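Next up, run_13.cif (mmCIF, C-alpha atoms):
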data_input
loop_
_atom_site.label_atom_id
_atom_site.label_comp_id
_atom_site.auth_asym_id
_atom_site.auth_seq_id
_atom_site.Cartn_x
_atom_site.Cartn_y
_atom_site.Cartn_z
CA MET A 1 113.17 49.06 -89.84
CA ARG A 2 111.25 46.63 -92.05
CA SER A 3 110.66 47.68 -95.65
CA LEU A 4 108.54 46.08 -98.37
CA ILE A 5 109.40 47.32 -101.87
CA LYS A 6 107.59 45.76 -104.82
CA ILE A 7 106.44 46.24 -108.38
CA VAL A 8 103.38 44.11 -109.06
CA SER A 9 100.61 43.67 -111.60
CA HIS A 10 97.85 44.00 -108.98
CA ILE A 11 98.01 46.16 -105.83
CA GLN A 12 96.86 44.77 -102.47
CA THR A 13 96.42 47.82 -100.22
CA ASP A 14 95.91 45.59 -97.24
CA GLU A 15 99.27 43.89 -97.71
CA ALA A 16 101.05 47.24 -97.31
CA ILE A 17 99.08 48.19 -94.19
CA ARG A 18 99.50 44.79 -92.51
CA PHE A 19 103.21 44.87 -93.28
CA VAL A 20 103.86 48.14 -91.42
CA GLU A 21 101.44 47.57 -88.51
CA SER A 22 103.06 46.60 -85.23
CA PRO A 23 102.36 46.97 -81.52
CA GLU A 24 105.43 49.22 -81.28
CA SER A 25 104.06 51.96 -83.51
CA GLY A 26 101.02 54.05 -82.84
CA GLY A 27 100.35 55.66 -86.18
CA ILE A 28 100.23 54.58 -89.81
CA VAL A 29 99.79 56.94 -92.73
CA THR A 30 99.09 55.60 -96.20
CA PHE A 31 98.86 57.13 -99.64
CA ILE A 32 96.89 55.28 -102.30
CA GLY A 33 96.99 56.51 -105.88
CA THR A 34 94.20 55.41 -108.19
CA VAL A 35 93.44 55.91 -111.88
CA ARG A 36 91.28 58.97 -112.51
CA ASN A 37 88.56 58.72 -115.13
CA GLN A 38 89.54 62.02 -116.75
CA THR A 39 92.50 64.32 -117.38
CA GLN A 40 91.63 67.99 -117.67
CA GLY A 41 88.06 67.07 -118.51
CA LYS A 42 88.96 64.51 -121.19
CA PRO A 43 87.69 60.98 -120.44
CA VAL A 44 90.47 58.45 -119.81
CA LEU A 45 89.77 54.90 -121.01
CA LYS A 46 92.75 53.22 -119.35
CA LEU A 47 96.38 53.69 -118.37
CA PHE A 48 99.42 51.59 -119.12
CA PHE A 49 102.41 51.63 -116.76
CA GLU A 50 105.89 50.54 -117.75
CA SER A 51 108.94 50.42 -115.47
CA TYR A 52 112.67 49.93 -115.67
CA GLU A 53 112.12 47.47 -112.87
CA PRO A 54 115.56 46.78 -111.35
CA MET A 55 116.40 50.50 -111.21
CA ALA A 56 112.88 51.41 -110.04
CA LEU A 57 113.24 49.02 -107.09
CA LEU A 58 116.61 50.56 -106.18
CA GLU A 59 115.17 54.08 -106.27
CA MET A 60 112.20 52.95 -104.15
CA GLU A 61 114.66 51.48 -101.62
CA LYS A 62 116.51 54.81 -101.49
CA ILE A 63 113.22 56.51 -100.61
CA ALA A 64 112.58 53.99 -97.83
CA ARG A 65 116.07 54.48 -96.38
CA GLN A 66 115.78 58.27 -96.48
CA ALA A 67 112.38 58.11 -94.74
CA ALA A 68 113.90 55.94 -92.02
CA VAL A 69 116.82 58.33 -91.47
CA GLN A 70 114.93 61.62 -91.72
CA TRP A 71 111.66 60.82 -89.87
CA ASN A 72 112.57 57.84 -87.73
CA VAL A 73 110.15 55.70 -89.70
CA GLN A 74 109.73 52.23 -88.18
CA HIS A 75 108.31 50.34 -91.13
CA ILE A 76 107.54 51.31 -94.71
CA ALA A 77 105.89 49.62 -97.69
CA ILE A 78 106.07 51.02 -101.23
CA ILE A 79 104.19 49.04 -103.89
CA HIS A 80 103.69 50.19 -107.48
CA ALA A 81 101.64 48.51 -110.18
CA THR A 82 102.61 48.11 -113.82
CA GLY A 83 100.63 47.02 -116.87
CA GLU A 84 97.10 48.05 -117.81
CA LYS A 85 94.96 49.85 -115.23
CA LEU A 86 91.35 50.99 -115.55
CA PRO A 87 89.79 54.07 -113.91
CA GLY A 88 89.36 53.49 -110.16
CA GLU A 89 92.09 50.84 -110.00
CA GLU A 90 94.99 51.30 -107.60
CA VAL A 91 98.35 52.30 -109.03
CA VAL A 92 100.53 52.88 -106.01
CA VAL A 93 100.30 52.37 -102.26
CA ILE A 94 102.72 53.70 -99.67
CA ALA A 95 102.28 52.86 -95.98
CA VAL A 96 104.45 54.35 -93.24
CA ALA A 97 104.53 53.55 -89.53
CA ALA A 98 106.26 55.98 -87.19
CA PRO A 99 106.22 56.66 -83.46
CA HIS A 100 104.72 60.14 -84.03
CA ARG A 101 101.95 60.83 -86.47
CA GLY A 102 103.41 64.11 -87.73
CA ALA A 103 106.51 62.19 -88.82
CA ALA A 104 104.39 59.51 -90.48
CA PHE A 105 102.48 62.14 -92.50
CA ALA A 106 105.69 63.94 -93.52
CA ALA A 107 107.51 60.73 -94.47
CA CYS A 108 104.57 59.40 -96.50
CA GLN A 109 104.24 62.66 -98.42
CA TYR A 110 108.01 62.72 -99.00
CA ALA A 111 107.83 59.16 -100.32
CA ILE A 112 105.09 59.78 -102.91
CA ASP A 113 106.53 63.16 -103.97
CA THR A 114 110.00 61.63 -104.43
CA LEU A 115 108.67 58.50 -106.15
CA LYS A 116 107.13 60.72 -108.83
CA GLU A 117 110.46 62.53 -109.30
CA THR A 118 113.00 59.71 -109.21
CA VAL A 119 111.50 56.25 -109.82
CA PRO A 120 111.73 55.16 -113.49
CA ILE A 121 108.09 54.38 -114.21
CA TRP A 122 106.11 55.73 -117.17
CA LYS A 123 102.41 56.14 -117.70
CA ARG A 124 100.60 56.07 -121.04
CA GLU A 125 97.11 57.55 -121.06
CA PHE A 126 94.55 56.15 -123.50
CA PHE A 127 91.75 58.43 -124.71
CA GLU A 128 89.02 57.77 -127.25
CA ASP A 129 91.07 59.51 -129.92
CA GLY A 130 94.57 58.26 -129.12
CA ALA A 131 97.20 57.84 -126.43
CA VAL A 132 100.02 59.90 -124.92
CA TRP A 133 103.02 59.23 -122.68
CA VAL A 134 102.24 61.50 -119.74
CA ALA A 135 104.59 64.47 -119.14
CA ALA A 136 106.91 63.46 -121.99
CA HIS A 137 106.65 66.78 -123.80
CA PRO A 138 106.87 70.31 -122.37
CA MET B 1 80.95 64.92 -100.85
CA ARG B 2 80.22 61.52 -99.31
CA SER B 3 81.07 61.07 -95.65
CA LEU B 4 81.07 57.97 -93.47
CA ILE B 5 81.10 58.74 -89.74
CA LYS B 6 80.90 55.84 -87.30
CA ILE B 7 81.72 54.63 -83.82
CA VAL B 8 82.10 50.86 -83.80
CA SER B 9 83.39 48.04 -81.66
CA HIS B 10 85.69 46.70 -84.38
CA ILE B 11 87.46 48.78 -87.05
CA GLN B 12 87.48 47.67 -90.69
CA THR B 13 90.24 49.72 -92.35
CA ASP B 14 89.18 48.47 -95.73
CA GLU B 15 85.64 49.78 -95.31
CA ALA B 16 86.98 53.33 -94.91
CA ILE B 17 89.27 53.07 -97.95
CA ARG B 18 86.61 51.50 -100.20
CA PHE B 19 84.14 54.18 -99.12
CA VAL B 20 86.30 57.09 -100.28
CA GLU B 21 87.72 55.49 -103.44
CA SER B 22 86.20 56.69 -106.68
CA PRO B 23 87.24 57.10 -110.31
CA GLU B 24 86.91 60.88 -109.86
CA SER B 25 89.67 61.21 -107.28
CA GLY B 26 93.30 60.41 -107.80
CA GLY B 27 94.67 60.31 -104.28
CA ILE B 28 93.62 58.84 -100.94
CA VAL B 29 95.43 59.49 -97.68
CA THR B 30 94.60 57.44 -94.60
CA PHE B 31 95.60 57.62 -90.96
CA ILE B 32 95.30 54.47 -88.87
CA GLY B 33 95.83 54.66 -85.13
CA THR B 34 96.67 51.44 -83.32
CA VAL B 35 97.21 50.51 -79.67
CA ARG B 36 100.89 50.76 -78.67
CA ASN B 37 102.28 48.08 -76.39
CA GLN B 38 103.93 50.63 -74.10
CA THR B 39 103.60 54.18 -72.80
CA GLN B 40 106.89 55.84 -71.90
CA GLY B 41 108.50 52.44 -71.55
CA LYS B 42 105.78 50.96 -69.35
CA PRO B 43 104.06 47.88 -70.83
CA VAL B 44 100.38 48.45 -71.68
CA LEU B 45 98.10 45.41 -71.27
CA LYS B 46 95.02 46.87 -72.94
CA LEU B 47 93.04 50.05 -73.50
CA PHE B 48 89.42 50.83 -72.89
CA PHE B 49 87.66 53.53 -74.96
CA GLU B 50 84.47 55.24 -73.90
CA SER B 51 82.55 57.86 -75.88
CA TYR B 52 79.68 60.28 -75.48
CA GLU B 53 78.47 58.82 -78.70
CA PRO B 54 75.81 61.21 -80.05
CA MET B 55 78.03 64.24 -79.41
CA ALA B 56 81.15 62.43 -80.68
CA LEU B 57 79.37 61.72 -83.98
CA LEU B 58 78.36 65.38 -84.30
CA GLU B 59 81.94 66.53 -83.68
CA MET B 60 83.24 64.02 -86.21
CA GLU B 61 80.73 65.36 -88.76
CA LYS B 62 82.00 68.91 -88.10
CA ILE B 63 85.52 67.71 -88.92
CA ALA B 64 84.31 66.13 -92.16
CA ARG B 65 82.48 69.32 -93.20
CA GLN B 66 85.49 71.52 -92.40
CA ALA B 67 87.77 69.21 -94.43
CA ALA B 68 85.38 69.46 -97.37
CA VAL B 69 85.28 73.26 -97.22
CA GLN B 70 88.95 73.93 -96.51
CA TRP B 71 90.67 71.33 -98.75
CA ASN B 72 88.04 70.50 -101.34
CA VAL B 73 87.89 66.95 -100.00
CA GLN B 74 85.71 64.72 -102.18
CA HIS B 75 85.01 61.88 -99.77
CA ILE B 76 85.95 61.25 -96.14
CA ALA B 77 85.52 58.39 -93.68
CA ILE B 78 86.13 58.75 -89.94
CA ILE B 79 85.67 55.59 -87.88
CA HIS B 80 86.56 55.29 -84.19
CA ALA B 81 86.43 52.18 -82.03
CA THR B 82 85.17 51.96 -78.46
CA GLY B 83 85.41 49.22 -75.86
CA GLU B 84 88.45 47.08 -75.04
CA LYS B 85 91.41 47.13 -77.41
CA LEU B 86 94.62 45.10 -77.19
CA PRO B 87 98.10 46.23 -78.35
CA GLY B 88 98.28 46.23 -82.14
CA GLU B 89 94.51 46.60 -82.59
CA GLU B 90 93.13 49.51 -84.60
CA VAL B 91 91.51 52.37 -82.71
CA VAL B 92 90.78 54.93 -85.39
CA VAL B 93 90.88 55.14 -89.17
CA ILE B 94 90.48 58.28 -91.24
CA ALA B 95 90.46 58.11 -95.05
CA VAL B 96 90.38 61.18 -97.26
CA ALA B 97 90.04 61.43 -101.04
CA ALA B 98 90.89 64.71 -102.73
CA PRO B 99 91.75 65.83 -106.26
CA HIS B 100 95.28 66.84 -105.18
CA ARG B 101 97.43 64.76 -102.90
CA GLY B 102 98.79 67.72 -100.92
CA ALA B 103 95.22 68.58 -99.96
CA ALA B 104 94.48 64.97 -99.01
CA PHE B 105 97.53 64.86 -96.70
CA ALA B 106 96.66 68.21 -95.09
CA ALA B 107 92.99 67.32 -94.61
CA CYS B 108 93.76 63.90 -93.12
CA GLN B 109 96.25 65.40 -90.65
CA TYR B 110 93.75 68.13 -89.77
CA ALA B 111 91.10 65.46 -89.16
CA ILE B 112 93.15 63.34 -86.73
CA ASP B 113 94.62 66.39 -84.94
CA THR B 114 91.15 67.90 -84.49
CA LEU B 115 89.55 64.58 -83.50
CA LYS B 116 91.99 64.36 -80.60
CA GLU B 117 91.09 67.90 -79.52
CA THR B 118 87.31 68.00 -79.92
CA VAL B 119 85.68 64.55 -80.10
CA PRO B 120 84.38 63.34 -76.70
CA ILE B 121 86.17 59.99 -76.44
CA TRP B 122 88.22 58.83 -73.47
CA LYS B 123 90.94 56.24 -73.17
CA ARG B 124 91.80 54.23 -70.08
CA GLU B 125 95.21 52.57 -70.09
CA PHE B 126 95.66 49.31 -68.18
CA PHE B 127 99.11 48.47 -66.80
CA GLU B 128 100.22 45.55 -64.68
CA ASP B 129 99.91 47.70 -61.56
CA GLY B 130 96.74 49.62 -62.27
CA ALA B 131 94.91 51.83 -64.75
CA VAL B 132 94.69 55.53 -65.63
CA TRP B 133 92.41 57.75 -67.67
CA VAL B 134 94.86 59.18 -70.20
CA ALA B 135 95.58 62.94 -70.03
CA ALA B 136 93.04 63.48 -67.25
CA HIS B 137 95.52 65.08 -64.86
CA PRO B 138 98.13 67.76 -65.59
CA MET C 1 68.24 68.87 -63.99
CA LYS C 2 70.05 65.69 -64.94
CA ILE C 3 73.72 65.70 -65.92
CA MET C 4 75.87 62.97 -67.47
CA PHE C 5 79.43 62.04 -66.55
CA PHE C 6 82.09 60.40 -68.72
CA GLY C 7 85.57 59.00 -68.28
CA ILE C 8 87.24 59.89 -65.02
CA THR C 9 84.38 62.17 -63.96
CA LYS C 10 82.07 59.16 -63.98
CA GLU C 11 84.36 57.54 -61.40
CA LEU C 12 84.66 60.71 -59.35
CA ALA C 13 80.88 61.17 -59.34
CA GLY C 14 80.29 57.50 -58.59
CA GLY C 15 78.03 56.93 -61.58
CA PRO C 16 77.11 57.91 -65.14
CA SER C 17 74.51 60.53 -64.24
CA LEU C 18 73.14 62.67 -61.43
CA ASP C 19 70.05 64.72 -60.68
CA VAL C 20 71.20 68.21 -59.70
CA PRO C 21 68.79 69.30 -56.96
CA LEU C 22 68.70 72.99 -57.91
CA GLN C 23 68.41 74.32 -61.47
CA PRO C 24 71.67 76.23 -62.07
CA ALA C 25 71.11 79.40 -64.11
CA THR C 26 74.30 79.12 -66.11
CA VAL C 27 77.03 76.65 -67.05
CA GLY C 28 79.38 78.53 -64.68
CA GLU C 29 76.97 78.08 -61.80
CA LEU C 30 76.74 74.36 -62.53
CA ARG C 31 80.53 74.15 -62.71
CA GLY C 32 80.86 75.84 -59.29
CA TRP C 33 78.33 73.44 -57.78
CA LEU C 34 80.16 70.42 -59.27
CA MET C 35 83.58 71.51 -58.01
CA GLU C 36 82.18 72.02 -54.53
CA ARG C 37 80.47 68.65 -54.49
CA TYR C 38 83.41 66.75 -56.10
CA PRO C 39 86.60 68.61 -55.07
CA ALA C 40 88.74 65.98 -56.86
CA MET C 41 87.46 67.37 -60.16
CA LYS C 42 89.51 70.50 -59.47
CA ASN C 43 92.65 68.39 -59.96
CA LEU C 44 91.74 67.50 -63.53
CA ARG C 45 93.59 69.19 -66.38
CA ALA C 46 90.32 70.68 -67.59
CA VAL C 47 86.60 70.04 -67.29
CA MET C 48 84.32 71.17 -70.09
CA ILE C 49 80.54 71.24 -70.06
CA ALA C 50 78.50 70.33 -73.11
CA VAL C 51 74.90 71.52 -73.46
CA ASN C 52 72.75 69.75 -76.02
CA LYS C 53 75.85 68.06 -77.47
CA THR C 54 77.79 71.30 -77.97
CA TYR C 55 80.65 72.70 -75.88
CA ALA C 56 79.35 75.59 -73.76
CA GLY C 57 81.08 78.56 -72.10
CA ASP C 58 80.46 79.45 -68.47
CA ALA C 59 78.14 82.33 -69.43
CA GLN C 60 75.70 80.11 -71.28
CA PRO C 61 72.25 79.95 -69.62
CA LEU C 62 70.83 76.56 -68.70
CA ALA C 63 67.20 75.60 -69.12
CA GLU C 64 65.24 72.64 -67.83
CA GLY C 65 65.35 69.82 -70.32
CA ASP C 66 68.86 70.71 -71.58
CA GLU C 67 71.07 67.67 -72.18
CA VAL C 68 74.08 68.46 -70.00
CA ALA C 69 77.32 66.46 -69.98
CA VAL C 70 80.53 66.81 -67.99
CA ILE C 71 83.50 66.36 -70.32
CA PRO C 72 86.89 65.57 -68.75
CA PRO C 73 90.11 65.92 -70.83
CA LEU C 74 89.73 64.07 -74.14
CA SER C 75 92.00 61.19 -75.16
CA GLY C 76 90.49 59.70 -78.30
CA GLY C 77 92.41 58.86 -81.45
CA MET D 1 127.59 49.07 -126.31
CA LYS D 2 123.96 48.20 -125.81
CA ILE D 3 121.44 50.73 -124.53
CA MET D 4 117.86 50.31 -123.34
CA PHE D 5 114.88 52.54 -124.11
CA PHE D 6 111.74 53.05 -122.06
CA GLY D 7 108.42 54.83 -122.43
CA ILE D 8 108.25 57.26 -125.32
CA THR D 9 111.94 56.79 -126.20
CA LYS D 10 111.22 53.12 -126.93
CA GLU D 11 108.72 54.28 -129.55
CA LEU D 12 111.04 56.93 -130.97
CA ALA D 13 113.90 54.40 -131.20
CA GLY D 14 111.61 51.77 -132.68
CA GLY D 15 112.43 49.14 -130.03
CA PRO D 16 113.48 48.43 -126.44
CA SER D 17 117.23 48.33 -127.07
CA LEU D 18 119.94 49.22 -129.55
CA ASP D 19 123.57 48.37 -130.16
CA VAL D 20 125.50 51.64 -130.38
CA PRO D 21 128.16 51.06 -133.06
CA LEU D 22 130.88 53.20 -131.45
CA GLN D 23 131.76 53.14 -127.76
CA PRO D 24 130.98 56.69 -126.50
CA ALA D 25 133.55 57.92 -123.97
CA THR D 26 131.05 59.74 -121.78
CA VAL D 27 127.31 60.02 -121.10
CA GLY D 28 127.35 63.40 -122.84
CA GLU D 29 128.87 61.87 -125.97
CA LEU D 30 126.17 59.17 -125.98
CA ARG D 31 123.51 61.83 -125.52
CA GLY D 32 124.81 63.80 -128.50
CA TRP D 33 124.84 60.66 -130.64
CA LEU D 34 121.26 59.81 -129.59
CA MET D 35 119.92 63.29 -130.34
CA GLU D 36 121.51 63.22 -133.76
CA ARG D 37 120.13 59.80 -134.59
CA TYR D 38 116.65 60.47 -133.10
CA PRO D 39 116.00 64.22 -133.48
CA ALA D 40 112.47 63.81 -132.05
CA MET D 41 114.09 63.11 -128.65
CA LYS D 42 115.13 66.80 -128.58
CA ASN D 43 111.44 67.68 -128.21
CA LEU D 44 111.06 65.76 -124.97
CA ARG D 45 110.86 67.69 -121.71
CA ALA D 46 114.04 65.98 -120.52
CA VAL D 47 116.03 62.87 -121.25
CA MET D 48 118.16 61.37 -118.49
CA ILE D 49 120.71 58.60 -118.85
CA ALA D 50 121.14 55.92 -116.20
CA VAL D 51 124.37 53.95 -115.95
CA ASN D 52 124.27 50.73 -113.96
CA LYS D 53 120.83 51.67 -112.59
CA THR D 54 121.93 55.11 -111.33
CA TYR D 55 121.25 58.52 -112.88
CA ALA D 56 124.44 59.81 -114.53
CA GLY D 57 125.63 63.31 -115.44
CA ASP D 58 127.02 64.11 -118.90
CA ALA D 59 130.60 64.05 -117.60
CA GLN D 60 130.43 60.44 -116.42
CA PRO D 61 132.73 58.10 -118.37
CA LEU D 62 131.21 55.05 -120.02
CA ALA D 63 132.87 51.63 -120.11
CA GLU D 64 132.07 48.52 -122.11
CA GLY D 65 129.69 46.33 -120.17
CA ASP D 66 127.93 49.26 -118.46
CA GLU D 67 124.15 48.86 -118.25
CA VAL D 68 122.92 52.02 -119.98
CA ALA D 69 119.31 53.15 -120.09
CA VAL D 70 117.59 56.14 -121.70
CA ILE D 71 115.10 57.63 -119.25
CA PRO D 72 112.38 59.94 -120.63
CA PRO D 73 110.35 62.17 -118.27
CA LEU D 74 108.95 60.08 -115.41
CA SER D 75 105.23 59.73 -114.75
CA GLY D 76 104.85 57.06 -112.08
CA GLY D 77 102.70 57.32 -108.98
#

This entry written out as structure tokens:
Amino acid sequence: MRSLIKIVSHIQTDEAIRFVESPESGGIVTFIGTVRNQTQGKPVLKLFFESYEPMALLEMEKIARQAAVQWNVQHIAIIHATGEKLPGEEVVVIAVAAPHRGAAFAACQYAIDTLKETVPIWKREFFEDGAVWVAAHP
Amino acid sequence: MRSLIKIVSHIQTDEAIRFVESPESGGIVTFIGTVRNQTQGKPVLKLFFESYEPMALLEMEKIARQAAVQWNVQHIAIIHATGEKLPGEEVVVIAVAAPHRGAAFAACQYAIDTLKETVPIWKREFFEDGAVWVAAHP
Amino acid sequence: MKIMFFGITKELAGGPSLDVPLQPATVGELRGWLMERYPAMKNLRAVMIAVNKTYAGDAQPLAEGDEVAVIPPLSGG
Amino acid sequence: MKIMFFGITKELAGGPSLDVPLQPATVGELRGWLMERYPAMKNLRAVMIAVNKTYAGDAQPLAEGDEVAVIPPLSGG
């Protein structure tokens, strides 16, 4: 298995796809997360992402290893952006190549679901009337 | 909903992703099918894809409409290649944008599963010792 | 009535299209005529018939001017 | 012992890191000290502690030189 795990200031979707493509695998599933222009109807001006980078990279590597073991994933790329992001900009891309497409779908969904639960990255949402750290409070 | 439905001689993955991206949607799931370099251990030299194009486009549009109705898909692109394709080359790309990522995963998997079952496209596999129309015989 | 062939059926029929001498009344009748004329088509996993770009059951009537296509097992994607 | 803060805890602590005057014996002891010093952290949905870049339970012992981070609720992706 090849894996590409990165935290960057600007996402290149294509880099993730090219990394996992190979003549040995027949199917690639990707998830791309972008900044939405509203949250529950309230316009979002921008987001700011902060990470605890060395730990975030380790947790992303754990996700890649688990995907390889559980779904026989051949190659996986997990790239997350940090810093300021405007609506429409890409925040995260995950690309998974596997011999069977069902496995590629399952592994890609596992990867994004788990990333949101375990990878130390935080998002601050900026509105016209202020800003909040997302999900911080109950 | 915007939909992009095409049969082309050369796939541009990026075109499908850019088409479905928008500040209104937060998640994009894509499936990319590429030519494998072997089938059950036998080296594949190349593939040839043929379509009944006007009907194939109609069936692809049905898939897009069903995805919109069933999973609230915002935008969808379904692009299939025809003609000669070498190992590693892209054959099909499906990109789906939806408000919730679970829906985007489900709709994208539905789209590729259904494409394989209903869209009139045929694949001929070329080996060193001959060629076969895939799945033609029991 | 003219019918179109694709994929392996194009090879078995020796070309992309054919003028059927009689006008079959239904899809089933056309299917019977095809299987008699091209017995090798019986060995295929399945053969569907599309009428005016839509899959059609054997009971469907055929009219002159219908766009009829012979659809061997699919393998796109 | 030095601890790092991220996200909203960085704001509540008034900076990215802090020297804890006493050496807490366990993660739980550190947590208690933090909640006393920064009561607003009690209002967060959850606060996890990572030791040497791994999530740690309250029972885990702490040693001098450990890399300790305060992890407020995650919101990546």

Considering all atoms listed in the file, state which residue in the set A:Ala136, A:Ala97, A:Ile32, A:Ile78 is at the smallest distance from Lys62 in chain A. A:Ile78

Could you list, as a list in words, every residue within 7 Å of Glu50 in chain A, counting all atoms listed in the file and ignoring same-chain residues fewer than 5 positions away? Thr82, Gly83, Ile121, Trp122 and Lys123 of chain A; Gly7 of chain D

What residues come out when you apply the PyMOL selection byres ((chain C and resi 52) around 8) to this file, written as JSON, numbers by chain? {"C": [50, 51, 53, 54, 66, 67, 68]}

Contacts of Ala46 in chain D at 10 Å or less, counting all atoms listed in the file, minus same-chain residues fewer than 5 places along, as a list in words?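 So the residues in contact are Ala135, Ala136, His137 and Pro138 of chain A; Met41, Ile71, Pro72, Pro73 and Leu74 of chain D.
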
Where does the PyMOL selection byres ((chain A) within 12 of (chain D)) land in this file, that is, which residues does it pick, as a PyMOL selection string? chain A and resi 7+31-35+47-60+62+78-83+90-94+109+111-125+131-138

Selection near range 17-19 of chain C, 7 Å with all atoms listed in the file, sequence-local residues under 2 positions removed, as a count of residues only: 7

Nearest candidate to chain B (options A:Glu89, A:Glu61, A:Glu84, A:Glu15; using all atoms listed in the file):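 Answer, going by the shortest atom-to-atom distance: A:Glu89.
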
Could you tell me which residues the PyMOL selection byres ((chain A and resi 98) around 12) grabs in this file, written as number ranges by chain? A: 1-2, 20-30, 67-76, 95-97, 99-108; B: 31-34, 36

What residues have an atom no more than 10 Å from (137.0, 55.9, -115.1) in the file's own frame, counting all atoms listed in the file, and can you write them as number ranges by chain? D: 25-26, 60-63
